[in-house]
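Source file: protein.csv; contents: CSV, C-alpha atoms and all ligand atoms.
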chain,number,residue,atom,x,y,z
A,25,MET,CA,145.9,80.7,152.4
A,26,SER,CA,146.5,79.7,148.8
A,27,ALA,CA,148.3,82.2,146.4
A,28,LEU,CA,146.1,85.0,145.3
A,29,PRO,CA,146.0,85.9,141.5
A,30,GLY,CA,146.4,89.5,140.3
A,31,THR,CA,147.9,91.8,137.7
A,32,VAL,CA,151.0,94.0,138.0
A,33,VAL,CA,149.7,97.5,137.4
A,34,ALA,CA,152.9,99.5,138.1
A,35,LEU,CA,156.6,99.0,138.9
A,36,GLN,CA,158.4,101.4,141.2
A,37,ALA,CA,162.1,100.8,142.0
A,38,ASN,CA,162.1,97.4,143.7
A,39,TYR,CA,158.3,97.3,144.3
A,40,LEU,CA,155.5,95.9,142.2
A,41,GLU,CA,152.0,97.3,142.6
A,42,VAL,CA,149.6,94.4,142.1
A,43,GLU,CA,145.8,94.6,141.8
A,44,LEU,CA,144.1,91.4,143.0
A,45,ASP,CA,141.5,89.8,140.7
A,46,ALA,CA,139.2,89.7,143.7
A,47,ALA,CA,140.2,90.8,147.2
A,48,PRO,CA,139.2,88.5,150.0
A,49,ARG,CA,137.5,90.2,153.0
A,50,GLY,CA,139.8,92.4,154.9
A,51,ILE,CA,142.5,92.5,152.2
A,52,PRO,CA,143.0,95.7,150.1
A,53,ARG,CA,142.6,95.3,146.4
A,54,ARG,CA,146.0,96.9,145.7
A,55,LEU,CA,149.1,95.6,147.3
A,56,LEU,CA,152.7,96.7,147.2
A,57,CYS,CA,154.8,93.6,146.6
A,58,THR,CA,158.4,92.4,146.5
A,59,ARG,CA,159.5,89.4,144.5
A,60,ARG,CA,160.3,86.0,146.1
A,61,THR,CA,164.1,85.6,146.1
A,62,ARG,CA,163.6,82.4,144.2
A,63,LEU,CA,162.1,84.3,141.3
A,64,ASN,CA,165.1,86.7,141.3
A,65,HIS,CA,167.5,83.8,141.2
A,66,GLN,CA,165.7,82.3,138.2
A,67,GLY,CA,166.1,85.6,136.5
A,68,ALA,CA,162.4,85.7,136.0
A,69,ALA,CA,161.7,89.4,135.3
A,70,VAL,CA,158.3,90.7,136.2
A,71,TYR,CA,156.7,93.5,134.1
A,72,VAL,CA,153.6,95.6,134.2
A,73,GLY,CA,150.8,93.6,132.7
A,74,ASP,CA,152.1,90.3,134.1
A,75,ARG,CA,149.7,87.9,135.8
A,76,VAL,CA,151.1,87.0,139.1
A,77,HIS,CA,150.4,85.0,142.3
A,78,LEU,CA,150.8,86.6,145.7
A,79,GLU,CA,151.7,85.0,149.1
A,80,ALA,CA,152.6,86.3,152.5
A,81,VAL,CA,149.9,88.9,152.4
A,82,ASP,CA,150.1,91.6,155.1
A,83,ALA,CA,146.6,93.1,155.0
A,84,GLN,CA,147.4,95.9,157.4
A,85,GLN,CA,150.4,97.2,155.5
A,86,ALA,CA,148.9,96.3,152.2
A,87,ARG,CA,152.0,94.3,151.3
A,88,ALA,CA,152.6,90.9,149.8
A,89,VAL,CA,155.2,88.8,148.0
A,90,VAL,CA,155.0,87.7,144.3
A,91,SER,CA,155.6,84.0,144.3
A,92,GLY,CA,154.9,83.1,140.7
A,93,VAL,CA,154.5,84.6,137.2
A,94,ASP,CA,152.2,83.2,134.5
A,95,PRO,CA,153.5,82.7,130.9
A,96,ARG,CA,152.8,85.8,128.8
A,97,SER,CA,150.3,85.8,125.9
A,98,SER,CA,152.0,88.8,124.2
A,99,TRP,CA,154.9,91.2,124.8
A,100,LEU,CA,155.6,94.8,123.8
A,101,SER,CA,159.4,95.3,124.0
A,102,ARG,CA,159.5,99.0,124.5
A,103,PRO,CA,157.9,100.3,126.6
A,104,PRO,CA,157.9,96.8,128.3
A,105,VAL,CA,154.4,95.6,128.9
A,106,ALA,CA,153.1,92.0,129.1
A,107,ASN,CA,149.8,90.6,128.0
A,108,VAL,CA,149.0,93.5,125.8
A,109,THR,CA,146.0,93.0,123.5
A,110,SER,CA,146.1,96.2,121.5
A,111,VAL,CA,148.8,98.8,120.8
A,112,LEU,CA,147.9,102.5,120.3
A,113,VAL,CA,150.7,104.6,118.7
A,114,ALA,CA,150.1,108.3,119.6
A,115,LEU,CA,151.7,110.8,117.3
A,116,ALA,CA,151.1,114.6,117.2
A,117,VAL,CA,150.3,116.5,114.1
A,118,ASP,CA,152.3,119.4,115.6
A,119,GLN,CA,154.2,120.3,118.7
A,120,PRO,CA,156.2,118.1,118.4
A,121,ASN,CA,155.9,118.0,114.6
A,122,PHE,CA,155.0,114.9,112.8
A,123,ASP,CA,158.2,113.0,111.9
A,124,PRO,CA,157.4,110.2,109.4
A,125,ASP,CA,160.6,108.2,110.2
A,126,GLN,CA,160.0,108.4,113.9
A,127,ALA,CA,156.3,107.5,113.3
A,128,SER,CA,157.3,104.4,111.4
A,129,ARG,CA,159.8,103.3,114.0
A,130,PHE,CA,157.0,103.4,116.6
A,131,LEU,CA,154.7,101.6,114.2
A,132,LEU,CA,157.2,98.9,113.5
A,133,THR,CA,157.7,98.2,117.2
A,134,ALA,CA,154.0,98.0,117.6
A,135,GLU,CA,153.6,95.7,114.6
A,136,ARG,CA,156.2,93.3,116.1
A,137,THR,CA,153.7,92.3,118.7
A,138,GLY,CA,151.5,90.8,116.0
A,139,LEU,CA,148.5,92.5,117.7
A,140,SER,CA,146.1,95.1,116.3
A,141,VAL,CA,147.8,98.5,116.0
A,142,GLN,CA,145.8,101.7,116.1
A,143,LEU,CA,147.4,105.0,115.1
A,144,LEU,CA,146.2,108.0,117.2
A,145,LEU,CA,146.9,111.5,115.7
A,146,THR,CA,146.9,113.9,118.6
A,147,LYS,CA,146.5,117.7,118.9
A,148,CYS,CA,144.2,117.9,115.8
A,149,ASP,CA,143.0,121.3,117.1
A,150,LEU,CA,146.3,122.7,115.8
A,151,ILE,CA,145.5,122.1,112.2
A,152,SER,CA,142.7,122.8,109.7
A,153,CYS,CA,140.1,120.3,108.6
A,154,GLU,CA,141.8,120.2,105.2
A,155,GLN,CA,145.1,119.2,106.8
A,156,GLN,CA,143.3,116.6,108.9
A,157,GLU,CA,141.9,115.1,105.7
A,158,GLU,CA,145.4,115.1,104.2
A,159,TYR,CA,146.7,113.1,107.1
A,160,ARG,CA,143.9,110.7,106.8
A,161,VAL,CA,144.7,110.0,103.2
A,162,ARG,CA,148.4,109.9,103.8
A,163,LEU,CA,148.3,107.5,106.7
A,164,GLY,CA,145.6,105.4,104.8
A,165,GLY,CA,148.4,104.8,102.3
A,166,TRP,CA,150.5,103.4,105.1
A,167,GLY,CA,147.7,101.0,105.9
A,168,TYR,CA,146.3,102.8,108.9
A,169,GLU,CA,143.0,104.4,109.7
A,170,PRO,CA,144.1,107.1,112.1
A,171,LEU,CA,141.9,108.2,115.0
A,172,LEU,CA,142.1,112.0,115.1
A,173,LEU,CA,142.1,113.3,118.6
A,174,SER,CA,142.2,116.6,120.5
A,175,SER,CA,142.3,116.6,124.3
A,176,GLN,CA,141.7,120.3,124.1
A,177,THR,CA,138.3,120.2,122.2
A,178,GLY,CA,137.5,116.6,123.1
A,179,GLU,CA,137.4,115.5,119.4
A,180,GLY,CA,137.8,111.8,119.0
A,181,ILE,CA,137.8,111.0,122.7
A,182,SER,CA,134.5,109.0,122.7
A,183,ALA,CA,135.8,107.1,119.6
A,184,LEU,CA,138.9,106.3,121.6
A,185,LYS,CA,136.9,105.1,124.5
A,186,GLU,CA,134.9,102.8,122.3
A,187,ARG,CA,138.0,101.4,120.9
A,188,LEU,CA,139.5,100.8,124.3
A,189,LEU,CA,136.4,99.0,125.5
A,190,ARG,CA,136.8,96.4,122.8
A,191,THR,CA,139.8,94.8,124.3
A,192,SER,CA,141.4,94.0,127.7
A,193,LEU,CA,144.7,95.8,127.7
A,194,SER,CA,145.6,98.7,125.4
A,195,VAL,CA,148.9,100.4,125.6
A,196,VAL,CA,149.3,104.0,124.5
A,197,CYS,CA,152.9,104.7,123.4
A,198,GLY,CA,154.6,107.4,121.4
A,199,PRO,CA,157.1,110.2,121.6
A,200,SER,CA,157.3,112.5,124.6
A,201,GLY,CA,154.9,115.4,124.6
A,202,VAL,CA,152.4,114.2,122.1
A,203,GLY,CA,149.6,114.2,124.7
A,204,LYS,CA,149.2,110.6,125.8
A,205,SER,CA,148.5,111.4,129.4
A,206,SER,CA,146.4,114.4,128.4
A,207,ALA,CA,144.2,112.1,126.3
A,208,LEU,CA,143.8,109.7,129.2
A,209,ASN,CA,142.9,112.5,131.5
A,210,ARG,CA,140.3,113.7,129.1
A,211,LEU,CA,138.9,110.2,129.0
A,212,MET,CA,139.1,109.6,132.8
A,213,PRO,CA,139.3,113.0,134.5
A,214,GLN,CA,139.6,111.3,137.9
A,215,LEU,CA,143.1,110.1,136.9
A,216,SER,CA,144.7,113.6,137.1
A,217,LEU,CA,147.8,112.4,135.4
A,218,ARG,CA,150.8,114.7,135.3
A,219,VAL,CA,151.1,116.6,132.0
A,220,GLY,CA,154.2,118.5,130.9
A,221,SER,CA,154.9,121.3,128.5
A,222,VAL,CA,156.7,121.0,125.2
A,223,SER,CA,159.7,123.2,124.6
A,224,GLY,CA,162.6,124.2,122.4
A,225,ARG,CA,162.9,124.6,118.6
A,226,LEU,CA,161.6,121.0,118.0
A,227,GLN,CA,158.9,121.4,120.6
A,228,ARG,CA,160.0,118.2,122.3
A,229,GLY,CA,158.3,116.8,125.4
A,230,ARG,CA,159.9,116.7,128.8
A,231,HIS,CA,159.5,113.1,129.6
A,232,THR,CA,156.8,113.9,132.1
A,233,THR,CA,155.4,110.3,132.6
A,234,ARG,CA,158.1,108.3,134.2
A,235,HIS,CA,156.6,104.8,134.6
A,236,VAL,CA,154.3,102.5,132.8
A,237,GLU,CA,151.0,102.3,134.7
A,238,LEU,CA,147.8,100.4,134.0
A,239,PHE,CA,144.4,102.2,134.7
A,240,PRO,CA,141.0,100.5,134.8
A,241,LEU,CA,138.5,101.8,132.4
A,242,VAL,CA,135.8,99.4,133.4
A,243,ASP,CA,136.0,96.0,135.0
A,244,GLY,CA,138.2,93.8,132.8
A,245,VAL,CA,139.4,96.6,130.6
A,246,ARG,CA,142.7,98.5,131.3
A,247,VAL,CA,144.7,101.1,129.5
A,248,ALA,CA,148.4,101.7,130.0
A,249,ASP,CA,150.0,105.2,130.0
A,250,THR,CA,153.7,105.0,129.2
A,251,PRO,CA,156.7,107.3,129.3
A,252,GLY,CA,157.4,108.8,125.9
A,253,PHE,CA,160.7,108.3,124.2
A,254,ASN,CA,162.0,109.6,120.9
A,255,ARG,CA,163.7,106.9,118.9
A,256,PRO,CA,162.5,103.3,119.1
A,257,ASP,CA,165.0,100.6,117.9
A,258,LEU,CA,164.5,99.0,114.5
A,259,PRO,CA,163.7,95.3,114.4
A,260,ASP,CA,166.7,93.1,113.7
A,261,ASP,CA,165.5,90.5,111.3
A,262,PRO,CA,165.4,91.7,107.6
A,263,ARG,CA,163.2,88.8,106.6
A,264,GLU,CA,160.6,89.9,109.1
A,265,LEU,CA,160.6,93.5,108.0
A,266,ALA,CA,158.2,93.4,105.1
A,267,LEU,CA,155.4,91.9,107.3
A,268,LEU,CA,155.6,94.9,109.6
A,269,PHE,CA,154.4,97.3,106.9
A,270,PRO,CA,150.7,96.9,106.5
A,271,GLU,CA,150.7,98.4,103.0
A,272,LEU,CA,153.4,95.9,101.9
A,273,ARG,CA,151.7,93.1,103.6
A,274,GLN,CA,148.6,93.9,101.6
A,275,GLN,CA,150.5,93.9,98.3
A,276,LEU,CA,152.1,90.6,99.1
A,277,GLN,CA,148.7,89.1,99.9
A,278,GLU,CA,147.3,90.2,96.6
A,279,TRP,CA,150.3,89.4,94.5
A,280,PRO,CA,152.6,87.1,96.4
A,281,CYS,CA,156.2,87.5,95.5
A,282,ARG,CA,157.5,84.5,93.4
A,283,PHE,CA,160.9,84.4,95.2
A,284,ARG,CA,161.6,82.8,98.5
A,285,ASP,CA,163.5,85.0,101.0
A,286,CYS,CA,163.1,88.0,98.7
A,287,LEU,CA,163.6,91.3,100.4
A,288,HIS,CA,161.5,93.1,97.7
A,289,ARG,CA,164.1,95.7,96.8
A,290,GLY,CA,163.2,96.0,93.1
A,291,GLU,CA,164.9,92.7,92.1
A,292,PRO,CA,164.0,91.8,88.5
A,293,GLY,CA,160.9,89.7,88.7
A,294,CYS,CA,159.9,90.8,92.2
A,295,GLY,CA,156.3,91.8,91.9
A,296,VAL,CA,156.3,94.4,94.7
A,297,GLN,CA,155.6,97.9,93.7
A,298,THR,CA,158.0,100.8,94.4
A,299,ASP,CA,155.6,103.7,94.3
A,300,TRP,CA,154.4,103.8,97.9
A,301,GLU,CA,155.4,106.5,100.3
A,302,ARG,CA,157.3,104.4,102.8
A,303,TYR,CA,159.2,102.4,100.3
A,304,SER,CA,162.3,104.5,100.7
A,305,PHE,CA,162.0,104.2,104.5
A,306,TYR,CA,161.7,100.4,104.0
A,307,LEU,CA,164.9,100.4,101.9
A,308,ARG,CA,166.8,102.6,104.3
A,309,THR,CA,165.7,100.3,107.2
A,310,LEU,CA,167.0,97.2,105.4
A,311,GLU,CA,170.3,99.0,104.8
A,312,ALA,CA,170.6,100.1,108.4
A,313,MET,CA,169.9,96.4,109.5
A,314,ALA,CA,172.7,95.2,107.2
A,315,GLY,CA,175.1,97.8,108.5
A,316,SER,CA,174.6,97.1,112.2
A,317,SER,CA,175.0,93.6,113.5
A,318,ARG,CA,174.4,94.9,117.0
A,319,PRO,CA,171.1,96.6,117.6
A,320,SER,CA,171.6,100.2,118.5
A,321,ARG,CA,170.0,101.8,121.5
A,322,GLY,CA,167.7,104.8,121.2
A,323,ASP,CA,167.6,107.6,123.7
B,401,LIG,N1,146.9,122.0,121.5
B,401,LIG,C1,146.9,120.8,122.2
B,401,LIG,N2,147.8,120.6,123.1
B,401,LIG,C2,147.8,119.4,123.8
B,401,LIG,C3,146.8,118.4,123.4
B,401,LIG,N3,147.1,117.3,124.2
B,401,LIG,C4,148.1,117.6,125.0
B,401,LIG,N4,148.6,118.9,124.7
B,401,LIG,C5,149.7,119.6,125.4
B,401,LIG,O1,150.9,118.9,125.1
B,401,LIG,C6,151.8,118.9,126.2
B,401,LIG,C7,152.2,117.5,126.5
B,401,LIG,O2,151.2,116.7,127.0
B,401,LIG,P1,151.3,115.3,127.8
B,401,LIG,O3,150.0,114.7,128.0
B,401,LIG,O4,152.1,115.5,129.0
B,401,LIG,O5,152.2,114.5,126.8
B,401,LIG,P2,152.7,112.9,127.0
B,401,LIG,O6,152.6,112.3,125.6
B,401,LIG,O7,152.0,112.3,128.1
B,401,LIG,O8,154.3,113.2,127.3
B,401,LIG,P3,155.3,112.2,128.2
B,401,LIG,O9,154.6,111.9,129.4
B,401,LIG,O10,156.5,113.1,128.3
B,401,LIG,O11,155.6,111.0,127.3
B,401,LIG,C8,151.0,119.6,127.3
B,401,LIG,O12,151.4,120.9,127.4
B,401,LIG,C9,149.6,119.5,126.9
B,401,LIG,O13,148.8,120.6,127.4
B,401,LIG,C10,145.9,118.7,122.4
B,401,LIG,O14,145.0,117.9,122.1
B,401,LIG,N5,146.0,119.9,121.9
B,402,MG,MG,152.7,111.4,129.8
B,403,ZN,ZN,160.0,90.2,96.2
Is it possible to give me this structure as structure tokens?
Amino acid sequence: MSALPGTVVALQANYLEVELDAAPRGIPRRLLCTRRTRLNHQGAAVYVGDRVHLEAVDAQQARAVVSGVDPRSSWLSRPPVANVTSVLVALAVDQPNFDPDQASRFLLTAERTGLSVQLLLTKCDLISCEQQEEYRVRLGGWGYEPLLLSSQTGEGISALKERLLRTSLSVVCGPSGVGKSSALNRLMPQLSLRVGSVSGRLQRGRHTTRHVELFPLVDGVRVADTPGFNRPDLPDDPRELALLFPELRQQLQEWPCRFRDCLHRGEPGCGVQTDWERYSFYLRTLEAMAGSSRPSRGD
């Protein structure tokens, strides 16, 4: 039998869970796989979202071996997911409280993929309509049109679904405890994903989701739930940084800076404005990049 194509939907320890594009008769759609030793020797890592080819299928045990990995069309570094088509950054308005620097770190990581980035503001039931409006305006200034969600009241869930249906692989990422799994449960109750409480003074999450996993919404459309973490790394190329801020990108499009390799830090003659909310974060990030030649690891 020739190699069967499929998608890696989960990783657990040394096993890959692969969903076949189409299961020939008598073969289960989902198979637990190991990697061909040759792949290990080549150092070819396999990630969730990867398109793979399977051989040595054992239909009875629902097992197979991954013999090849296709080149990736995109890559989200943390959490690691291949062939992503849209990144959804989930941030809570409260419990855990909204931390603008942390929010920006997640957004920068998402922007580095070069894909469309959607900001999800979760737990909107915890704030008033006026406060919701303030968030809309504030994040609009960051260049985002946030989708306001509540898994408790169901607000925004159908808009989220509509958004997910537009593209083949959306990844929901964000800090622990913001309600990523809760939102997916509300959207697809049959998933019954494990949900954890938030605790402590900072109302942090408890890292309830442990692995990246892809779930089918409809045929050809998947969404990834991911483990929350609290401090994404900053990008390491200062020249790349400006383009990761949509509000700065927009400025540069309207009034391109006259200088080549300008870092837009208020140099005389640089046309970039300084009166935008995240400007100080932008400057601090540039400084942090200059100060650390080695990228730091978050938690
Ligand atoms: N008030 C309110 N609480 C929510 C909402 N969504 C989730 N929660 C609560 O927030 C806590 C964390 O929810 P999870 O869905 O486990 O959060 P998560 O982002 O998946 O967390 P990790 O898996 O640790 O990354 C749970 O106690 C949920 O009941 C919401 O819309 N409103
Ligand atoms: Mg979770
Ligand atoms: Zn400039």
Point to revise | Expected residue set, 10 Å radius at (151.2, 100.5, 122.8), all atoms listed in the file, as a ChimeraX atom specification | key: /A:100-105,108-114,130-131,133-135,137,139-143,193-198,247-250
Check your understanding: Within 10 Å of stretch 42-45 of chain A, counting all atoms listed in the file, which residues qualify if same-chain residues fewer than 4 places away don't, as a list in words?
Key ->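 My reading of the contact set: Leu28, Pro29, Gly30, Thr31, Val32, Val33, Ala34, Leu35, Ile51, Pro52, Arg53, Arg54, Leu55, Leu56, Cys57, Val72, Gly73, Asp74, Arg75, Val76, His77, Leu78, Arg87, Ala88, Val89, Val90, Leu238 and Gly244 of chain A.
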Please, could you write that set of residues out with C-alpha atoms as an mmCIF file, in the coordinates of the input?
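Result file is again_39.cif:
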data_model
loop_
_atom_site.group_PDB
_atom_site.id
_atom_site.type_symbol
_atom_site.label_atom_id
_atom_site.label_comp_id
_atom_site.auth_asym_id
_atom_site.auth_seq_id
_atom_site.Cartn_x
_atom_site.Cartn_y
_atom_site.Cartn_z
ATOM 1 C CA LEU A 28 146.100 85.000 145.300
ATOM 2 C CA PRO A 29 146.000 85.900 141.500
ATOM 3 C CA GLY A 30 146.400 89.500 140.300
ATOM 4 C CA THR A 31 147.900 91.800 137.700
ATOM 5 C CA VAL A 32 151.000 94.000 138.000
ATOM 6 C CA VAL A 33 149.700 97.500 137.400
ATOM 7 C CA ALA A 34 152.900 99.500 138.100
ATOM 8 C CA LEU A 35 156.600 99.000 138.900
ATOM 9 C CA ILE A 51 142.500 92.500 152.200
ATOM 10 C CA PRO A 52 143.000 95.700 150.100
ATOM 11 C CA ARG A 53 142.600 95.300 146.400
ATOM 12 C CA ARG A 54 146.000 96.900 145.700
ATOM 13 C CA LEU A 55 149.100 95.600 147.300
ATOM 14 C CA LEU A 56 152.700 96.700 147.200
ATOM 15 C CA CYS A 57 154.800 93.600 146.600
ATOM 16 C CA VAL A 72 153.600 95.600 134.200
ATOM 17 C CA GLY A 73 150.800 93.600 132.700
ATOM 18 C CA ASP A 74 152.100 90.300 134.100
ATOM 19 C CA ARG A 75 149.700 87.900 135.800
ATOM 20 C CA VAL A 76 151.100 87.000 139.100
ATOM 21 C CA HIS A 77 150.400 85.000 142.300
ATOM 22 C CA LEU A 78 150.800 86.600 145.700
ATOM 23 C CA ARG A 87 152.000 94.300 151.300
ATOM 24 C CA ALA A 88 152.600 90.900 149.800
ATOM 25 C CA VAL A 89 155.200 88.800 148.000
ATOM 26 C CA VAL A 90 155.000 87.700 144.300
ATOM 27 C CA LEU A 238 147.800 100.400 134.000
ATOM 28 C CA GLY A 244 138.200 93.800 132.800
#
Review point. Within 9 Å of A:Val245, counting all atoms listed in the file, which residues qualify if same-chain residues fewer than 4 places away don't, as a list in words?
Key: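 Residues near the query, excluding close chain neighbours: Leu188, Leu189, Arg190, Thr191, Ser192, Leu193, Ser194, Phe239, Pro240 and Leu241 of chain A.
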Check your understanding: So how far away is atom CA of A:Pro251 from atom N5 of ligand LIG 401 (chain B), in Å?
Key ->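 Distance between the two atoms: 18.1 Å.
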Practice item. Please identify all polymer residues within 10 Å of A:Leu226, counting all atoms listed in the file, omitting same-chain residues fewer than 6 positions from it, and present them as a ChimeraX atom specification. Key: /A:118-121
Taking C-alpha atoms for each residue, export the selection above as a PDB file, in the coordinates of the input.
ATOM      1  CA  ASP A 118     152.300 119.400 115.600  1.00  0.00           C
ATOM      2  CA  GLN A 119     154.200 120.300 118.700  1.00  0.00           C
ATOM      3  CA  PRO A 120     156.200 118.100 118.400  1.00  0.00           C
ATOM      4  CA  ASN A 121     155.900 118.000 114.600  1.00  0.00           C
TER       5      ASN A 121
END
Practice item. Take the point (160.8, 94.7, 109.5) as written in the file and pick out every residue within 10 Å of it, counting all atoms listed in the file; give the list as a ChimeraX atom specification. Key: /A:129,132-133,135-136,258-269,306,309-310,313
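The space separating atom CA of A:Pro124 from atom CA of A:Trp300 comes to 13.5 Å.
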Exercise for review: Please give me, as a list in words, the residues lying within 6 Å of ligand LIG 401 (chain B) when counting only C-alpha atoms and all ligand atoms.
Suggested key: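 Checking only C-alpha atoms and all ligand atoms against ligand LIG 401 (chain B) at 6 Å gives Thr146, Lys147, Asp149, Leu150, Ser174, Ser175, Gln176, Pro199, Ser200, Gly201, Val202, Gly203, Lys204, Ser205, Ser206, Val219, Gly220, Ser221, Val222, Gly229, Arg230, His231, Thr232, Thr233, Pro251 and Gly252 of chain A.
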For those residues, write C-alpha atoms to a file as a PDB file, in the coordinates of the input.
ATOM      1  CA  THR A 146     146.900 113.900 118.600  1.00  0.00           C
ATOM      2  CA  LYS A 147     146.500 117.700 118.900  1.00  0.00           C
ATOM      3  CA  ASP A 149     143.000 121.300 117.100  1.00  0.00           C
ATOM      4  CA  LEU A 150     146.300 122.700 115.800  1.00  0.00           C
ATOM      5  CA  SER A 174     142.200 116.600 120.500  1.00  0.00           C
ATOM      6  CA  SER A 175     142.300 116.600 124.300  1.00  0.00           C
ATOM      7  CA  GLN A 176     141.700 120.300 124.100  1.00  0.00           C
ATOM      8  CA  PRO A 199     157.100 110.200 121.600  1.00  0.00           C
ATOM      9  CA  SER A 200     157.300 112.500 124.600  1.00  0.00           C
ATOM     10  CA  GLY A 201     154.900 115.400 124.600  1.00  0.00           C
ATOM     11  CA  VAL A 202     152.400 114.200 122.100  1.00  0.00           C
ATOM     12  CA  GLY A 203     149.600 114.200 124.700  1.00  0.00           C
ATOM     13  CA  LYS A 204     149.200 110.600 125.800  1.00  0.00           C
ATOM     14  CA  SER A 205     148.500 111.400 129.400  1.00  0.00           C
ATOM     15  CA  SER A 206     146.400 114.400 128.400  1.00  0.00           C
ATOM     16  CA  VAL A 219     151.100 116.600 132.000  1.00  0.00           C
ATOM     17  CA  GLY A 220     154.200 118.500 130.900  1.00  0.00           C
ATOM     18  CA  SER A 221     154.900 121.300 128.500  1.00  0.00           C
ATOM     19  CA  VAL A 222     156.700 121.000 125.200  1.00  0.00           C
ATOM     20  CA  GLY A 229     158.300 116.800 125.400  1.00  0.00           C
ATOM     21  CA  ARG A 230     159.900 116.700 128.800  1.00  0.00           C
ATOM     22  CA  HIS A 231     159.500 113.100 129.600  1.00  0.00           C
ATOM     23  CA  THR A 232     156.800 113.900 132.100  1.00  0.00           C
ATOM     24  CA  THR A 233     155.400 110.300 132.600  1.00  0.00           C
ATOM     25  CA  PRO A 251     156.700 107.300 129.300  1.00  0.00           C
ATOM     26  CA  GLY A 252     157.400 108.800 125.900  1.00  0.00           C
TER      27      GLY A 252
END
Practice item. Quote the spacing between atom CA of A:Gly293 and atom CA of A:Ala314 in Å to one decimal place. Key: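 Here the two named atoms are 22.6 Å from each other.
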